[in-house]
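See below for protein.csv, which holds CSV, C-alpha atoms.
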chain,number,residue,atom,x,y,z
A,21,MET,CA,177.1,40.0,116.9
A,22,VAL,CA,175.2,42.5,119.0
A,23,GLU,CA,174.3,39.5,121.2
A,24,VAL,CA,178.0,38.7,121.7
A,25,ILE,CA,178.8,42.3,122.7
A,26,LEU,CA,175.9,42.4,125.1
A,27,PHE,CA,176.9,39.0,126.6
A,28,VAL,CA,180.5,40.2,127.2
A,29,ILE,CA,179.5,43.5,128.8
A,30,VAL,CA,176.9,41.9,131.1
A,31,ALA,CA,179.1,39.0,131.9
A,32,LEU,CA,181.9,41.4,133.0
A,33,THR,CA,179.3,43.3,135.0
A,34,ALA,CA,178.1,40.1,136.7
A,35,ILE,CA,181.7,39.0,137.6
A,36,ALA,CA,182.5,42.5,138.8
A,37,GLY,CA,179.5,42.5,141.1
A,38,ALA,CA,180.4,39.0,142.4
A,39,VAL,CA,184.0,40.1,143.1
A,40,THR,CA,182.8,43.2,144.8
A,41,MET,CA,180.4,41.2,147.0
A,42,VAL,CA,183.3,38.9,148.2
A,43,SER,CA,186.0,41.5,148.5
A,44,VAL,CA,184.6,44.7,150.1
A,45,ARG,CA,184.5,45.2,153.9
A,46,ASN,CA,181.1,46.9,154.3
A,47,PRO,CA,178.2,44.4,154.1
A,48,VAL,CA,176.0,47.1,152.4
A,49,TYR,CA,178.4,47.3,149.5
A,50,SER,CA,178.4,43.5,149.4
A,51,ALA,CA,174.7,43.6,149.1
A,52,MET,CA,174.9,46.2,146.3
A,53,GLY,CA,177.4,44.0,144.4
A,54,LEU,CA,175.1,41.0,144.7
A,55,LEU,CA,172.3,43.1,143.4
A,56,LEU,CA,174.3,44.0,140.3
A,57,THR,CA,175.0,40.3,139.7
A,58,MET,CA,171.3,39.5,140.1
A,59,PHE,CA,170.2,42.1,137.6
A,60,SER,CA,172.8,40.8,135.1
A,61,MET,CA,171.3,37.3,135.6
A,62,ALA,CA,167.9,38.7,134.6
A,63,VAL,CA,169.5,40.0,131.4
A,64,PHE,CA,170.9,36.6,130.7
A,65,TYR,CA,167.5,35.0,131.3
A,66,VAL,CA,166.0,37.4,128.7
A,67,MET,CA,168.7,36.5,126.3
A,68,ASN,CA,167.8,32.8,126.7
A,69,ASN,CA,164.1,33.5,126.1
A,70,ALA,CA,163.2,32.9,129.8
A,71,HIS,CA,161.1,36.0,130.1
A,72,PHE,CA,159.0,34.9,133.1
A,73,VAL,CA,162.0,33.7,135.0
A,74,ALA,CA,163.7,37.0,134.4
A,75,ALA,CA,160.7,38.9,135.8
A,76,VAL,CA,160.7,36.6,138.8
A,77,GLN,CA,164.4,37.1,139.3
A,78,VAL,CA,164.0,40.9,139.5
A,79,LEU,CA,160.9,40.7,141.7
A,80,ILE,CA,162.0,37.9,144.1
A,81,TYR,CA,165.8,38.1,144.2
A,82,ALA,CA,166.6,41.7,143.5
A,83,GLY,CA,163.4,42.9,145.2
A,84,ALA,CA,162.4,40.8,148.1
A,85,VAL,CA,165.5,38.8,149.0
A,86,MET,CA,168.0,41.7,148.8
A,87,THR,CA,165.6,44.0,150.7
A,88,LEU,CA,165.5,41.4,153.4
A,89,PHE,CA,169.3,41.2,153.4
A,90,LEU,CA,169.6,45.0,153.6
A,91,PHE,CA,167.0,45.1,156.4
A,92,VAL,CA,169.0,42.6,158.5
A,93,ILE,CA,172.3,44.4,157.8
A,94,MET,CA,170.7,47.6,159.1
A,95,LEU,CA,169.2,45.7,162.0
A,96,ILE,CA,172.4,44.2,163.3
A,97,GLY,CA,174.5,47.3,162.5
A,98,VAL,CA,177.1,48.0,159.8
A,99,ASP,CA,179.6,49.9,161.8
A,100,GLN,CA,181.1,47.0,163.6
A,101,VAL,CA,184.8,46.5,163.7
A,102,ILE,CA,185.7,43.5,161.6
A,103,ASP,CA,188.7,41.7,162.9
A,104,THR,CA,191.2,40.7,160.3
A,105,ASP,CA,193.3,38.3,162.3
A,106,GLU,CA,192.9,34.8,160.9
A,107,ASN,CA,192.2,31.8,163.1
A,108,ILE,CA,193.0,29.3,160.4
A,109,PRO,CA,196.5,29.7,159.0
A,110,PHE,CA,196.7,30.6,155.3
A,111,GLN,CA,192.9,30.9,155.1
A,112,ARG,CA,193.0,33.6,152.4
A,113,PRO,CA,195.5,32.1,149.9
A,114,MET,CA,193.9,28.6,150.4
A,115,ALA,CA,190.4,29.9,149.7
A,116,ILE,CA,191.5,31.8,146.6
A,117,GLY,CA,193.5,28.7,145.4
A,118,LEU,CA,190.5,26.4,146.0
A,119,GLY,CA,188.3,28.9,144.2
A,120,GLY,CA,190.6,28.8,141.2
A,121,ALA,CA,190.7,25.0,141.3
A,122,LEU,CA,186.9,24.9,141.3
A,123,VAL,CA,186.7,27.1,138.2
A,124,PHE,CA,189.1,24.8,136.4
A,125,LEU,CA,187.2,21.7,137.5
A,126,LEU,CA,183.8,23.1,136.6
A,127,VAL,CA,185.0,24.3,133.2
A,128,ILE,CA,186.5,20.9,132.5
A,129,ALA,CA,183.3,19.2,133.6
A,130,ALA,CA,181.1,21.5,131.5
A,131,ARG,CA,183.3,20.8,128.4
A,132,ALA,CA,182.0,17.3,128.5
A,133,ALA,CA,178.5,18.7,128.0
A,134,TRP,CA,179.3,21.4,125.4
A,135,ILE,CA,181.5,19.4,123.0
A,136,THR,CA,178.4,17.5,122.0
A,137,GLY,CA,177.2,20.9,120.6
A,138,ARG,CA,173.9,22.5,120.3
A,139,SER,CA,171.0,20.1,119.6
A,140,SER,CA,168.5,20.6,116.9
A,141,GLY,CA,166.6,22.8,119.2
A,142,VAL,CA,163.3,21.2,118.4
A,143,CYS,CA,160.8,21.6,121.3
A,144,SER,CA,157.9,19.2,121.9
A,145,ILE,CA,156.1,22.4,123.0
A,146,ASP,CA,156.8,26.0,122.4
A,147,CYS,CA,160.0,26.6,124.4
A,148,ASN,CA,159.7,30.3,124.6
A,149,GLY,CA,159.6,31.0,128.3
A,150,THR,CA,156.4,33.1,128.4
A,151,ILE,CA,154.1,33.0,131.3
A,152,GLU,CA,151.6,30.8,129.4
A,153,ASN,CA,154.2,28.2,128.5
A,154,VAL,CA,155.8,28.1,132.0
A,155,SER,CA,152.4,27.9,133.8
A,156,GLU,CA,151.2,25.2,131.5
A,157,GLU,CA,154.2,23.1,132.4
A,158,LEU,CA,154.2,24.1,136.1
A,159,PHE,CA,150.5,23.3,136.7
A,160,GLY,CA,150.6,20.2,134.5
A,161,ALA,CA,153.5,17.9,135.0
A,162,TRP,CA,155.0,19.7,138.0
A,163,LEU,CA,151.8,20.2,140.0
A,164,LEU,CA,152.8,18.0,142.9
A,165,PRO,CA,156.2,19.6,143.4
A,166,PHE,CA,154.5,23.0,143.2
A,167,GLU,CA,152.2,21.9,146.1
A,168,ALA,CA,155.2,20.7,148.0
A,169,THR,CA,156.7,24.2,147.8
A,170,VAL,CA,153.6,25.6,149.4
A,171,LEU,CA,154.2,23.2,152.4
A,172,LEU,CA,157.9,24.3,152.4
A,173,LEU,CA,157.0,28.0,152.5
A,174,THR,CA,154.5,27.4,155.3
A,175,ILE,CA,157.1,25.5,157.3
A,176,ALA,CA,159.7,28.3,156.7
A,177,ALA,CA,157.2,31.0,157.9
A,178,VAL,CA,156.2,29.0,161.0
A,179,GLY,CA,159.9,28.3,161.7
A,180,THR,CA,160.8,32.0,161.5
A,181,ILE,CA,158.0,33.0,163.8
A,182,ALA,CA,159.1,30.2,166.2
A,183,LEU,CA,162.7,31.4,166.2
A,184,ALA,CA,161.6,35.0,166.9
A,185,GLN,CA,159.4,33.9,169.8
A,186,PHE,CA,162.0,31.5,171.2
A,187,VAL,CA,164.7,34.3,171.5
A,188,ALA,CA,162.3,36.7,173.1
A,189,ARG,CA,161.6,34.3,176.0
A,190,PRO,CA,164.0,34.6,179.0
A,191,ARG,CA,166.3,31.7,179.3
A,192,LEU,CA,167.4,29.8,182.4
A,193,VAL,CA,171.1,29.3,181.4
A,194,ASP,CA,172.8,32.3,179.7
A,195,ALA,CA,175.5,31.1,177.4
A,196,THR,CA,177.2,34.5,177.2
A,197,GLU,CA,177.7,34.7,180.9
A,198,ASP,CA,180.2,32.0,181.4
A,199,GLU,CA,182.3,33.4,178.6
A,200,GLN,CA,182.5,36.9,179.8
B,25,MET,CA,191.2,20.1,121.3
B,26,MET,CA,188.5,22.6,120.8
B,27,PRO,CA,189.1,26.2,121.7
B,28,LEU,CA,187.5,27.0,125.0
B,29,PHE,CA,185.4,30.0,124.2
B,30,ALA,CA,185.6,31.0,120.6
B,31,GLN,CA,183.3,28.9,118.5
B,32,VAL,CA,182.6,30.3,115.1
B,33,SER,CA,179.5,29.0,113.5
B,34,SER,CA,178.6,29.4,109.9
B,35,SER,CA,176.7,32.6,110.5
B,36,GLY,CA,179.5,34.3,112.4
B,37,LEU,CA,180.2,34.5,116.1
B,38,SER,CA,177.1,33.9,118.3
B,39,VAL,CA,176.5,33.3,122.0
B,40,GLU,CA,176.5,29.5,122.6
B,41,PRO,CA,175.0,27.9,125.7
B,42,HIS,CA,178.4,26.8,126.9
B,43,TRP,CA,179.5,30.4,127.3
B,44,TYR,CA,176.8,30.6,130.0
B,45,MET,CA,178.1,27.4,131.5
B,46,ALA,CA,181.6,28.8,131.8
B,47,LEU,CA,180.3,32.1,133.2
B,48,ALA,CA,178.2,30.2,135.7
B,49,ALA,CA,181.3,28.1,136.7
B,50,ILE,CA,183.2,31.4,137.4
B,51,LEU,CA,180.4,32.9,139.4
B,52,PHE,CA,179.9,29.6,141.4
B,53,ALA,CA,183.6,29.5,142.2
B,54,ILE,CA,183.6,33.2,143.3
B,55,GLY,CA,180.7,32.3,145.6
B,56,ALA,CA,182.5,29.3,147.0
B,57,ALA,CA,185.6,31.3,147.5
B,58,GLY,CA,183.6,34.0,149.3
B,59,LEU,CA,182.1,31.3,151.5
B,60,LEU,CA,185.6,30.2,152.5
B,61,LEU,CA,187.1,33.7,152.8
B,62,ARG,CA,184.6,35.8,154.7
B,63,ARG,CA,183.8,35.5,158.4
B,64,ASN,CA,180.7,37.7,158.3
B,65,ALA,CA,177.6,35.4,158.4
B,66,LEU,CA,175.6,37.8,156.2
B,67,VAL,CA,178.3,37.9,153.5
B,68,MET,CA,178.6,34.1,153.7
B,69,PHE,CA,174.9,33.9,153.1
B,70,MET,CA,175.1,36.2,150.1
B,71,SER,CA,177.8,33.9,148.7
B,72,ILE,CA,175.4,31.0,148.9
B,73,GLU,CA,172.8,33.1,147.1
B,74,LEU,CA,175.4,33.8,144.4
B,75,MET,CA,176.1,30.1,144.0
B,76,LEU,CA,172.4,29.3,143.7
B,77,ASN,CA,172.1,32.0,141.0
B,78,ALA,CA,175.0,30.5,139.1
B,79,VAL,CA,173.2,27.1,139.1
B,80,ASN,CA,170.0,28.8,137.9
B,81,LEU,CA,172.0,30.2,135.0
B,82,THR,CA,173.1,26.8,134.0
B,83,PHE,CA,169.5,25.5,134.1
B,84,VAL,CA,168.3,28.3,131.8
B,85,ALA,CA,171.3,28.0,129.4
B,86,ALA,CA,170.9,24.2,129.2
B,87,ASP,CA,167.2,24.8,128.3
B,88,THR,CA,168.4,26.8,125.3
B,89,GLY,CA,170.9,24.1,124.5
B,90,ILE,CA,168.5,21.1,124.5
B,91,GLY,CA,165.3,22.9,123.5
B,92,SER,CA,163.3,22.4,126.6
B,93,ILE,CA,161.4,24.5,129.1
B,94,GLU,CA,161.7,22.2,132.2
B,95,GLY,CA,164.9,23.9,133.4
B,96,GLN,CA,163.0,27.1,133.8
B,97,ILE,CA,160.6,25.2,136.1
B,98,SER,CA,163.6,24.0,138.1
B,99,VAL,CA,164.8,27.6,138.4
B,100,LEU,CA,161.4,28.6,139.8
B,101,PHE,CA,161.7,25.8,142.4
B,102,VAL,CA,165.3,26.8,143.3
B,103,MET,CA,164.0,30.4,143.8
B,104,VAL,CA,161.3,29.2,146.1
B,105,VAL,CA,163.7,27.1,148.2
B,106,ALA,CA,166.2,30.0,148.2
B,107,ALA,CA,163.5,32.4,149.5
B,108,ALA,CA,162.6,30.0,152.3
B,109,GLU,CA,166.2,29.4,153.1
B,110,VAL,CA,166.9,33.2,153.3
B,111,THR,CA,163.9,33.7,155.6
B,112,VAL,CA,165.0,31.0,158.1
B,113,GLY,CA,168.8,31.8,157.8
B,114,LEU,CA,168.4,35.5,158.4
B,115,ALA,CA,166.1,34.7,161.4
B,116,ILE,CA,168.9,32.5,162.8
B,117,ILE,CA,171.5,35.2,162.2
B,118,VAL,CA,169.4,37.8,164.0
B,119,ALA,CA,168.7,35.3,166.8
B,120,VAL,CA,172.5,34.7,167.2
B,121,PHE,CA,173.2,38.4,167.1
B,122,ARG,CA,170.7,39.0,169.9
B,123,LYS,CA,172.4,36.4,172.0
B,124,ARG,CA,176.1,37.1,171.1
B,125,ALA,CA,176.1,40.7,169.6
B,126,THR,CA,178.2,39.5,166.7
B,127,ALA,CA,177.7,38.4,163.1
B,128,SER,CA,181.2,36.8,162.8
B,129,VAL,CA,181.2,33.1,162.6
B,130,ASP,CA,184.6,32.9,164.3
B,131,GLU,CA,183.0,34.1,167.5
B,132,LEU,CA,180.5,31.2,167.5
B,133,SER,CA,182.6,28.7,169.3
B,134,GLY,CA,180.2,27.6,172.0
B,135,LEU,CA,180.4,24.0,171.0
B,136,LYS,CA,184.2,23.9,170.9
B,137,GLY,CA,185.7,21.5,173.4
Could you render the structure as structure tokens?
Amino acid sequence: MVEVILFVIVALTAIAGAVTMVSVRNPVYSAMGLLLTMFSMAVFYVMNNAHFVAAVQVLIYAGAVMTLFLFVIMLIGVDQVIDTDENIPFQRPMAIGLGGALVFLLVIAARAAWITGRSSGVCSIDCNGTIENVSEELFGAWLLPFEATVLLLTIAAVGTIALAQFVARPRLVDATEDEQ
Amino acid sequence: MMPLFAQVSSSGLSVEPHWYMALAAILFAIGAAGLLLRRNALVMFMSIELMLNAVNLTFVAADTGIGSIEGQISVLFVMVVAAAEVTVGLAIIVAVFRKRATASVDELSGLKG
């Protein structure tokens, strides 16, 4: 029963954070709302015995990714005027309607999975997500995908440096000049 | 028809994996709606992060449901890809901002005929 109460409280917190992120004007408040949702996710991971994933969630998402977001928000400025005129007619009601339709569709789709009910819950290995169990699986059956992520991260780092270098260089054709 | 959320097991009400599925569906839809609603590139990017987080929640909840640990491995891979995506995406946003002095995607109409 305590688990149910905890689930309801944290679920409402997560949804409140998500709605805050989408609805507020200031991008800093958006980042704070997303941070709230990400901490709620970490609580859900702990409730599902995924302790290592919960720690990684707090460290990577709430720590590194959100810091990067806040850094970029500060870099490009938060005090810009946000224009509220819509280029696409009925964009706001259409987006909200499509979001509601997506909830309906996903819940219907998920029902197909959950009416089969909970399985016996028998694990071939210990399915408590401690760092030992996760690393045994990760460096065993999933070693090759793990190595591929190393390549992916290297490419991402090189690409980011290339982007920064490319913009710093003076260009022959300035795209902003023929607009203004 | 089964009731959507209330499922009373023999030992009273307990949190079932499909509750997490429903919550993840709601969060995913909020993220998708945010992606459609907002014009600020940074907030659109945060919406994508929210959708990725919702998918991670389904992975972990399904793990509990079927008694496996491989979904948690998938979550770790999703996190790595999301981190790489954030790095490159924010670099692109900063590059666009340096060129156009705006973070609104409506202003980026250079390819429009």
| Looking at all atoms listed in the file, which of B:Ala46, B:Ala106, B:Ile72, B:Val120 is the one that sits closest to chain A? | B:Ala46
| Atom pair CA of Met114 (chain A) / CA of Phe69 (chain B): separation (Å) |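 Spanning CA of Met114 (chain A) to CA of Phe69 (chain B) is a straight-line distance of 19.9 Å.
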Padding 5 Å on each side, edges along x, y and z: where is the centre of the box around the listed atoms of region 114-131 of chain A, and how long are its edges in Å to one decimal? Output it as lines of an AutoDock Vina configuration file.
center_x = 187.5
center_y = 25.5
center_z = 139.4
size_x = 22.8
size_y = 22.6
size_z = 32.0
Using all atoms listed in the file, select each residue of chain B with any atom at most 6 Å away from an atom of chain A, and give the selection as a compact mmCIF listing (two decimals) with C-alpha atoms, in the coordinates of the input.
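Wrote it out as out04.txt, contents follow:
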# COMPACT_ATOMS: atom_id res chain seq x y z
CA SER B 38 177.10 33.90 118.30
CA VAL B 39 176.50 33.30 122.00
CA HIS B 42 178.40 26.80 126.90
CA ALA B 46 181.60 28.80 131.80
CA ALA B 49 181.30 28.10 136.70
CA ILE B 50 183.20 31.40 137.40
CA ALA B 53 183.60 29.50 142.20
CA ALA B 57 185.60 31.30 147.50
CA GLY B 58 183.60 34.00 149.30
CA LEU B 60 185.60 30.20 152.50
CA LEU B 61 187.10 33.70 152.80
CA GLY B 89 170.90 24.10 124.50
CA ILE B 90 168.50 21.10 124.50
CA GLY B 91 165.30 22.90 123.50
CA SER B 92 163.30 22.40 126.60
CA ILE B 93 161.40 24.50 129.10
CA ALA B 108 162.60 30.00 152.30
CA VAL B 112 165.00 31.00 158.10
CA ALA B 115 166.10 34.70 161.40
| Of the candidates A:Met52, A:Glu167, A:Phe59, A:Glu156, which one gets nearest to Leu79 (chain A) if we count only C-alpha atoms? |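 Between A:Met52, A:Glu167, A:Phe59, A:Glu156, the residue approaching Leu79 (chain A) most closely is A:Phe59.
CA of Gly83 (chain A) is positioned 24.4 Å from CA of Phe121 (chain B).
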| said: I'd like the contact shell of region 122-130 of chain B - 6 Å cut-off, all atoms listed in the file, skipping same-chain residues fewer than 6 positions apart - returned as a PyMOL selection string. | reply: chain B and resi 63-65
Using C-alpha atoms, can you export the residues from the last selection as a PDB file, keeping the file's coordinate frame?
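Okay, out-v4.pdb is ready:
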ATOM      1  CA  ARG B  63     183.800  35.500 158.400  1.00  0.00           C
ATOM      2  CA  ASN B  64     180.700  37.700 158.300  1.00  0.00           C
ATOM      3  CA  ALA B  65     177.600  35.400 158.400  1.00  0.00           C
TER       4      ALA B  65
END
| message | Could you tell me how far CA of Glu40 (chain B) sits from CA of Glu94 (chain B), in Å to one decimal place? | response | 19.1 Å
| Residue neighbourhood Phe52 (chain B), 8 Å, only C-alpha atoms, exclusion window fewer than 4 positions, as number ranges by chain | A: 123; B: 48, 56, 74-76, 78-79
